[in-house]
Structure formats: C-alpha cells, structure tokens
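Heads up: the structure comes next, in structure tokens.
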Amino acid sequence: MSNGFWNKTSSALSKTRSYFSSGLERIFARKGSIDGDTLDALEELLIGADLGVHISQRIITDLKASADRKENLSLEALKEKIANSLSEVFQKLPPSKKTLPAPAVTLFVGVNGVGKTTSIGKIAYQLKLEGKKVLLAAADTFRAGAANQLSIWGERVGADVIRHNGEADPSAVAYDAVSAAKARGVDHVFIDTAGRLQTKHNLMEELKKMTRVISKLIPEAPHEKILVLDATTGQNAFSQAEHFQKAIGLTGVVLTKLDGTGKGGIVIPVVELLSVPVLYVGVGEGMEDVIPFDSNAFISGLFK
C-alpha cells in the first residue's frame, strides 16, 4: 500500500482519532495506569467511537484481567492491546476470492443517500486507470435522475452506460448490461440498484430477481454483491446491513464518508456482523477519494 493511501486513511480518520485517541489519553492521565476504576470510562469511550458492544466488551475483559494481575500498563501498551483486539476481527475473515473471470459482474446495493452511484463512478475510475474496461448499468429505475447521474459518471470516467427509458424493469436493464458486457469484451460490469428501504420487501424481492436473471447469462454471477454504507449513520448501518445480507448474501462493503464522522470505528462491527471485508472507503469528495481499504492503515490511523 502506497504512502498516499496510508496518508489518506489517516487524514480521513482525523475526527475519529481526535475523539478516540485523545479520550484514551484523558482516561489514562487520571491515574497513569488502567485499573478497575477507569474501565467503565474506557468502555464508554470504545462504544462511543462505534467500535461495537461485542468488541468493546472483549477489550474491557482483557484489560480487566491485566488489572487483576496488577499489570502496570503504559499508555502505549494499552493502545497496543486495543490494536491487537481490532486486528483479530480482520484476521477472522474468510480468505479473499481469486481473480474473477471477465466480465466480472458486481451488484451494488444500499439505501438512498449513502453515495452508491458516486462510489460506483469513483471505483470505475480507478479500474479505468488500471486499463480495465468497465460497463455501468443504470438499474435504479425508480429514483428520479439516477440514470442521468450514472450517465454523467460514465462520461467522466470513460465507461459505457446501459440504461432504459421510462419506468423500466431493473432486471431487464441488468440483463441487457451483462449481455452487452459479454459481447463487448468488458472486464467489469457495475450494476447500480434502487435503495428504497421504506418498501423493504419489494426492494429485496427485486434484488433477488435481478440475481436470478443475471445468473441465466453467467451462472456464477453476480460475482460480487457489495453493500454501500454511510459511515456517518453509525449504528443505523447495522439494520441496513442485516436486511441486505439476509436477502442476497453480501460479499463486501464500501463505507462512504469516513472523513465526515468522529465514529469511524463503525468499520469493526460491520466487518464482525457480516463476516465480509470492507473493500473501499470514501475519504473525500474528489474522483480519487474512494480508496481500497487496508486494515493495518485503518488501525494505525486510529492512534496516529
């Protein structure tokens, strides 16, 4: 991972780091060590950073054992223990997939307003820079302007866009896009979908239908089913994630607006809940500000 990516991750986590790391220092400064009196404050800090109840309690249990053994933990040793606990969450993930055959079909899902279409455009831009041929599918046929927004991104990054006029069947758009990708020798197909969580049942059934239709053209497709979440929504992201996971089975997550929240720890419980990796994080407004996620850079960015 380049220094540029490490720096962007660290910069995006500045609000979270300010809350989390400075909070650790305040708690530690009270007595110069961690003991039973400070564990409650520490647990509150961990949960407040949206690290999640389960991982927070595991960290506190570990630290309580250290306190019971009369270990005199320094601030750096405390940070190292927390970092090790966070690393374990990523180490438990199943091995990543091998290189996908072309055309690799990716279904992007998520509720309205999380930055799904924008993320698709930015990830497509990165792949274009790598010399990949990308096709975009405007299968969000319900949100006014969704197809136009995706078409604008297509023009910006140099990717063709498959869209239908009027209130088209989203599955028909996806089918045509995969057909076109096979005919044109495309490397990646990115399918933008609707995000009407308020009509949850209809949306989930629509996504199931879309996966069935796509698989008629390529049996193992869609190869990736990626959930886009807004990091600023915090704990609300969990219910969204559970609905989509149950409906279609997710393979990865894109977490947007990581730079806009002081609770970037949401990465941890999302990974733990879904048992799938965070693939990209949004760290700004620019074309290049969706970057591949790196767990080491993330954990380091929480502390320094």
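For the structure tokens, the naming scheme is as follows: chains receive sequential letters (A, B, ...) according to their order of presentation, residues are indexed from 1 within each chain, and ligands are indexed from 1 in presentation order.
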
| message | If we count only C-alpha atoms and set the cut-off at 9 Å, which residues sit around segment 183-186 of chain A, ignoring sequence neighbours fewer than 3 positions away in its own chain? Please answer as a PyMOL selection string. | response | chain A and resi 102-104+132-135+178-180+189

| field | Surrounding residues of Pro95 of chain A excluding itself and chain neighbours under 3 positions, 10 Å, only C-alpha atoms, as a PyMOL selection string | value | chain A and resi 91-92+98+276-277

| Surrounding residues of Ser171 of chain A excluding itself and chain neighbours under 5 positions, 12 Å, only C-alpha atoms, as a ChimeraX atom specification | /A:107,137-141,163-164,176-178,191-194,203,205-216

Generate the output file for the selected residues, N, CA and C atoms, as a PDB file, in the first residue's frame.
```
ATOM      1  N   LEU A 107     -22.936  -6.296  -8.200  1.00  0.00           N
ATOM      2  CA  LEU A 107     -24.202  -5.670  -7.845  1.00  0.00           C
ATOM      3  C   LEU A 107     -23.952  -4.755  -6.656  1.00  0.00           C
ATOM      4  N   ALA A 137     -24.403  -0.109 -15.378  1.00  0.00           N
ATOM      5  CA  ALA A 137     -25.810  -0.411 -15.645  1.00  0.00           C
ATOM      6  C   ALA A 137     -26.699   0.410 -14.719  1.00  0.00           C
ATOM      7  N   ALA A 138     -27.592   1.205 -15.297  1.00  0.00           N
ATOM      8  CA  ALA A 138     -28.485   2.072 -14.530  1.00  0.00           C
ATOM      9  C   ALA A 138     -29.761   1.310 -14.176  1.00  0.00           C
ATOM     10  N   ALA A 139     -29.659   0.388 -13.209  1.00  0.00           N
ATOM     11  CA  ALA A 139     -30.802  -0.438 -12.824  1.00  0.00           C
ATOM     12  C   ALA A 139     -31.607   0.171 -11.679  1.00  0.00           C
ATOM     13  N   ASP A 140     -31.243   1.376 -11.241  1.00  0.00           N
ATOM     14  CA  ASP A 140     -32.098   2.129 -10.325  1.00  0.00           C
ATOM     15  C   ASP A 140     -33.060   2.923 -11.204  1.00  0.00           C
ATOM     16  N   THR A 141     -34.199   2.313 -11.509  1.00  0.00           N
ATOM     17  CA  THR A 141     -35.145   2.936 -12.439  1.00  0.00           C
ATOM     18  C   THR A 141     -36.270   3.670 -11.719  1.00  0.00           C
ATOM     19  N   ARG A 163     -28.817   1.841 -20.092  1.00  0.00           N
ATOM     20  CA  ARG A 163     -29.984   2.377 -19.404  1.00  0.00           C
ATOM     21  C   ARG A 163     -31.211   2.209 -20.294  1.00  0.00           C
ATOM     22  N   HIS A 164     -32.382   2.166 -19.673  1.00  0.00           N
ATOM     23  CA  HIS A 164     -33.641   2.125 -20.398  1.00  0.00           C
ATOM     24  C   HIS A 164     -34.415   3.411 -20.122  1.00  0.00           C
ATOM     25  N   ASP A 176     -29.583  -6.787 -19.903  1.00  0.00           N
ATOM     26  CA  ASP A 176     -29.018  -6.176 -21.110  1.00  0.00           C
ATOM     27  C   ASP A 176     -27.567  -5.757 -20.892  1.00  0.00           C
ATOM     28  N   ALA A 177     -27.258  -5.289 -19.696  1.00  0.00           N
ATOM     29  CA  ALA A 177     -25.890  -4.853 -19.401  1.00  0.00           C
ATOM     30  C   ALA A 177     -24.924  -6.035 -19.431  1.00  0.00           C
ATOM     31  N   VAL A 178     -25.303  -7.139 -18.825  1.00  0.00           N
ATOM     32  CA  VAL A 178     -24.431  -8.311 -18.817  1.00  0.00           C
ATOM     33  C   VAL A 178     -24.296  -8.880 -20.228  1.00  0.00           C
ATOM     34  N   ILE A 191     -23.470  -2.704 -11.519  1.00  0.00           N
ATOM     35  CA  ILE A 191     -24.914  -2.512 -11.603  1.00  0.00           C
ATOM     36  C   ILE A 191     -25.393  -1.667 -10.431  1.00  0.00           C
ATOM     37  N   ASP A 192     -25.932  -0.490 -10.750  1.00  0.00           N
ATOM     38  CA  ASP A 192     -26.490   0.418  -9.752  1.00  0.00           C
ATOM     39  C   ASP A 192     -27.938   0.009  -9.497  1.00  0.00           C
ATOM     40  N   THR A 193     -28.332  -0.111  -8.237  1.00  0.00           N
ATOM     41  CA  THR A 193     -29.689  -0.556  -7.902  1.00  0.00           C
ATOM     42  C   THR A 193     -30.401   0.468  -7.041  1.00  0.00           C
ATOM     43  N   ALA A 194     -31.712   0.298  -6.926  1.00  0.00           N
ATOM     44  CA  ALA A 194     -32.520   1.214  -6.126  1.00  0.00           C
ATOM     45  C   ALA A 194     -32.297   0.961  -4.641  1.00  0.00           C
ATOM     46  N   LEU A 203     -38.164  -4.179  -2.428  1.00  0.00           N
ATOM     47  CA  LEU A 203     -36.776  -3.961  -2.841  1.00  0.00           C
ATOM     48  C   LEU A 203     -35.983  -5.257  -2.787  1.00  0.00           C
ATOM     49  N   GLU A 205     -37.045  -8.344  -2.854  1.00  0.00           N
ATOM     50  CA  GLU A 205     -37.517  -9.281  -3.871  1.00  0.00           C
ATOM     51  C   GLU A 205     -36.987  -8.887  -5.249  1.00  0.00           C
ATOM     52  N   GLU A 206     -36.921  -7.582  -5.484  1.00  0.00           N
ATOM     53  CA  GLU A 206     -36.386  -7.081  -6.749  1.00  0.00           C
ATOM     54  C   GLU A 206     -34.917  -7.469  -6.922  1.00  0.00           C
ATOM     55  N   LEU A 207     -34.150  -7.370  -5.828  1.00  0.00           N
ATOM     56  CA  LEU A 207     -32.736  -7.735  -5.887  1.00  0.00           C
ATOM     57  C   LEU A 207     -32.555  -9.235  -6.105  1.00  0.00           C
ATOM     58  N   LYS A 208     -33.407 -10.026  -5.458  1.00  0.00           N
ATOM     59  CA  LYS A 208     -33.347 -11.472  -5.670  1.00  0.00           C
ATOM     60  C   LYS A 208     -33.633 -11.819  -7.132  1.00  0.00           C
ATOM     61  N   LYS A 209     -34.655 -11.163  -7.696  1.00  0.00           N
ATOM     62  CA  LYS A 209     -34.999 -11.399  -9.100  1.00  0.00           C
ATOM     63  C   LYS A 209     -33.831 -11.027 -10.002  1.00  0.00           C
ATOM     64  N   MET A 210     -33.185  -9.905  -9.692  1.00  0.00           N
ATOM     65  CA  MET A 210     -32.071  -9.441 -10.509  1.00  0.00           C
ATOM     66  C   MET A 210     -30.930 -10.460 -10.521  1.00  0.00           C
ATOM     67  N   THR A 211     -30.641 -11.032  -9.359  1.00  0.00           N
ATOM     68  CA  THR A 211     -29.565 -12.031  -9.301  1.00  0.00           C
ATOM     69  C   THR A 211     -29.931 -13.273 -10.101  1.00  0.00           C
ATOM     70  N   ARG A 212     -31.207 -13.659 -10.068  1.00  0.00           N
ATOM     71  CA  ARG A 212     -31.639 -14.834 -10.848  1.00  0.00           C
ATOM     72  C   ARG A 212     -31.503 -14.577 -12.347  1.00  0.00           C
ATOM     73  N   VAL A 213     -31.904 -13.401 -12.771  1.00  0.00           N
ATOM     74  CA  VAL A 213     -31.854 -13.043 -14.196  1.00  0.00           C
ATOM     75  C   VAL A 213     -30.413 -12.999 -14.686  1.00  0.00           C
ATOM     76  N   ILE A 214     -29.530 -12.397 -13.898  1.00  0.00           N
ATOM     77  CA  ILE A 214     -28.118 -12.293 -14.285  1.00  0.00           C
ATOM     78  C   ILE A 214     -27.487 -13.682 -14.401  1.00  0.00           C
ATOM     79  N   SER A 215     -27.851 -14.564 -13.474  1.00  0.00           N
ATOM     80  CA  SER A 215     -27.239 -15.898 -13.461  1.00  0.00           C
ATOM     81  C   SER A 215     -27.636 -16.740 -14.672  1.00  0.00           C
ATOM     82  N   LYS A 216     -28.688 -16.343 -15.375  1.00  0.00           N
ATOM     83  CA  LYS A 216     -29.061 -17.054 -16.596  1.00  0.00           C
ATOM     84  C   LYS A 216     -28.027 -16.830 -17.703  1.00  0.00           C
TER      85      LYS A 216
END
```

| task | Go through A:Phe90, A:Ser275, A:Leu250, A:Ile291 and flag the residue nearest Pro222 of chain A, using only C-alpha atoms for the distances. | result | A:Leu250

| request: Write out as a ChimeraX atom specification which residues come within 8 Å of Leu45 of chain A when counting only C-alpha atoms, dropping same-chain ones fewer than 4 positions away. | output: /A:20,23-24,41,49

Just-selected residues, C-alpha atoms written as a JSON list (two decimals), in the first residue's frame:
```
[["chain", "number", "residue", "atom", "x", "y", "z"],
["A", 20, "PHE", "CA", -10.71, 8.12, 20.39],
["A", 23, "GLY", "CA", -10.07, 10.10, 25.06],
["A", 24, "LEU", "CA", -7.63, 7.29, 25.86],
["A", 41, "ALA", "CA", -14.91, 5.13, 31.26],
["A", 49, "ALA", "CA", -16.37, 5.51, 18.81]]
```

| task | Write out as JSON, numbers by chain all residues of segment 100-184 of chain A that backbone DSSP assigns to strand (DSSP E). | result | {"A": [104, 105, 106, 107, 108, 109, 134, 135, 136, 137, 138, 160, 161, 162]}

| query | Which value, in Å to one decimal, gives the distance between atom CA of Arg17 of chain A and atom CA of Ala83 of chain A? | reply | 13.0 Å

| query | Taking into account only C-alpha atoms, which residue in the set A:Thr38, A:Ser22, A:Thr106, A:Ser14 is nearest to His223 of chain A? | reply |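 Looking only at the distances to His223 of chain A, the closest residue turns out to be A:Thr106.
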
| request: Can you pull out every residue within 12 Å of Leu86 of chain A, counting only C-alpha atoms, but drop anything in the same chain fewer than 2 positions away, and send it as a count of residues only? | output: 32

| said: What does the structure give for the distance between atom CA of Ala247 of chain A and atom CA of Asp230 of chain A, in Å to one decimal? | reply: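 These atoms are spaced 19.6 Å apart.
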
| request: With a distance cut-off of 9 Å and only C-alpha atoms, select the neighbouring residues of Leu136 of chain A, excluding the residue or stretch itself and same-chain residues fewer than 6 positions from it, and output the selection as a ChimeraX atom specification. | output: /A:120-121,124,150-151,154,159-163,177,188-192

| Pick from A:Leu42, A:Val270, A:Leu279, A:Glu130, whichever lies nearest to Thr251 of chain A using only C-alpha atoms |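 Ranked by minimum distance to Thr251 of chain A, first place goes to A:Leu279.
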
| note | Pairwise distance, atom CA of Leu273 of chain A with atom CA of Gly249 of chain A, equals 12.6 Å

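Nearest to Gly48 of chain A of all the residues A:Tyr19, A:Lys225, A:Ile60, A:Ala146 is A:Tyr19, counting only C-alpha atoms.
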